[in-house]
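Each remark here refers to the structure printed beneath this line.
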Amino acid sequence: MLVRLFAWGNPESADPNGLDGLSVGDKVVVKKEWGNFLGELVDDKRQFKESTGEIIRKASAQDLEIALKNKDIEKQLKIAVKKKVREKGFTMKIAEVKLSIDGRAILVVFTADSRIDFREMVRELSAELGKTIRFHQIGSRDEAKKIGGFGICGRELCCLRFNKNFKSINTDMARSQAIAHRGSERLSGVCGRLMCCLSYEAEQYEDALKQMPARGSKVILNKEEVEVVDLFILDKKVKIVDKDRKYRTVNLEDIKIIEQ
């Protein structure tokens with residue numbers, strides 16, 4: 001069964017361990033190797049070969065009450081963790097601190113631009129707080145998913161709306177859609193990374209580009225050799241310049257590609 005444990009993470013596969021009567025939307029307690037945490041069963045079409053946890057019970061009223069009380073405790077724990085981070089001089093941002101339902105483990109979620117050796121800090125925190133400490137690094141997209149918000153399109157962030165893993169977003173996707181010239185600021189989402197929606201039509205644009213001439217290439221228009229200076233991919237049009245430096249936009253079907 002698939003369980004969402006944390007706002008910043010994707011659903012995880014958990015072994016129901018023979019429990020009956022569970023359905024989507026139920027709150028459950030999931031046993032991980034480093035602690036027991038409250039999660040919610042979700043509907044997801046993906047299949048996982050291995051479980052990453054075990055559902056030990058459907059959440060009781062007491063479990064829900066503990067999770068609610070933990071929120072105040074987590075605020076104090078976050079302050080303690082941040083203080084220790086400052087003492088060590090680490091350049092890391094603490095995004096969230098989660099206390100397990102059984103109160104024995106603390107999950108510290110953070111972002112950082114580089115790798116950090118925090119093993120000594122974990123030992124010190126564990127001794128001071130009397131609990132098992134686990135640090136988990138997430139990316140800026142995961143942090144945006146946790147915080148939430150709206151993109152420049154006016155809709156809720158894609159990483160929050162869709163329960164799926166997005167494939168890697170790269171600048172080639174922007175190039176294939178002829179928008180790379182807009183610059184990283186206009187192509188980046190609130191997380192500071194390239195917008196997830198760049199991948200939605202990338203494949204269609206790449207297929208369409210196979211029929212188009214390359215920018216700077218030579219083509220024949222009305223038996224005259226001209227140069228391609230721009231592409232209008234979805235409209236199947238190209239902008240050309242002739243030997244007299246006159247610019248025109250013509251249909252793709254009106255030219256003959258002679259050189260890429």
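Residue numbering restarts at 1 in every chain; chains get A, B, ... in the order shown in the structure tokens, and ligands count up from 1 in that same order.
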
Point to revise | Long-range neighbours of Phe135 in chain A as a PyMOL selection string, 7 Å cut-off, only C-alpha atoms, 2 positions minimum in chain | key: chain A and resi 107-109+133+137

Check your understanding: Could you pull out all residues of range 83-174 of chain A with a DSSP call of strand (DSSP E or B) and give them as a list in words?
Key ->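 Those residues are Lys93, Ile94, Ala95, Glu96, Val97, Lys98, Leu99, Ala105, Ile106, Leu107, Val108, Val109, Phe110, Thr111, Thr132, Ile133, Arg134, Phe135, His136, Gln137, Phe150 and Glu156 of chain A.
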
**Study point:** Neighbour list for Gly89 in chain A as a ChimeraX atom specification, cut-off 12 Å, only C-alpha atoms, skip fewer than 3 positions in-chain
**Key:** /A:82-86,92-93,116-118,121

Atoms to include: C-alpha atoms. Write the selected residues as a PDB file, in the first residue's frame.
```
ATOM      1  CA  LYS A  82      19.243  25.443  14.386  1.00  0.00           C
ATOM      2  CA  LYS A  83      21.299  26.598  17.368  1.00  0.00           C
ATOM      3  CA  LYS A  84      23.605  23.599  17.005  1.00  0.00           C
ATOM      4  CA  VAL A  85      23.940  24.219  13.254  1.00  0.00           C
ATOM      5  CA  ARG A  86      25.007  27.814  13.940  1.00  0.00           C
ATOM      6  CA  MET A  92      22.467  24.300   5.817  1.00  0.00           C
ATOM      7  CA  LYS A  93      18.823  25.284   6.084  1.00  0.00           C
ATOM      8  CA  ILE A 116      28.136  18.348   4.867  1.00  0.00           C
ATOM      9  CA  ASP A 117      29.746  15.988   7.362  1.00  0.00           C
ATOM     10  CA  PHE A 118      27.368  16.334  10.298  1.00  0.00           C
ATOM     11  CA  MET A 121      26.715  17.090  15.363  1.00  0.00           C
TER      12      MET A 121
END
```

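Of the residues listed (A:Glu225, A:Glu203, A:Glu124, A:Glu12), A:Glu203 shows the shortest atom-to-atom separation from Met173 in chain A; distances use only C-alpha atoms.
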
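Closest approach to Glu96 in chain A among A:Leu187, A:Ala7, A:Met212, A:Ala127 is made by A:Ala7 (distances from only C-alpha atoms).
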
Point to revise | Gly39 in chain A surroundings by only C-alpha atoms, 9 Å radius, close-in-sequence under 4 positions cut, as a PyMOL selection string | key: chain A and resi 3-6+26-30+59

Review point. With only C-alpha atoms as the atoms that count, which of A:Ser168, A:Asn10, A:Asn251, A:Ser126 lies nearest to Leu77 in chain A?
Key: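 The answer is A:Ser126, which sits nearest to Leu77 in chain A.
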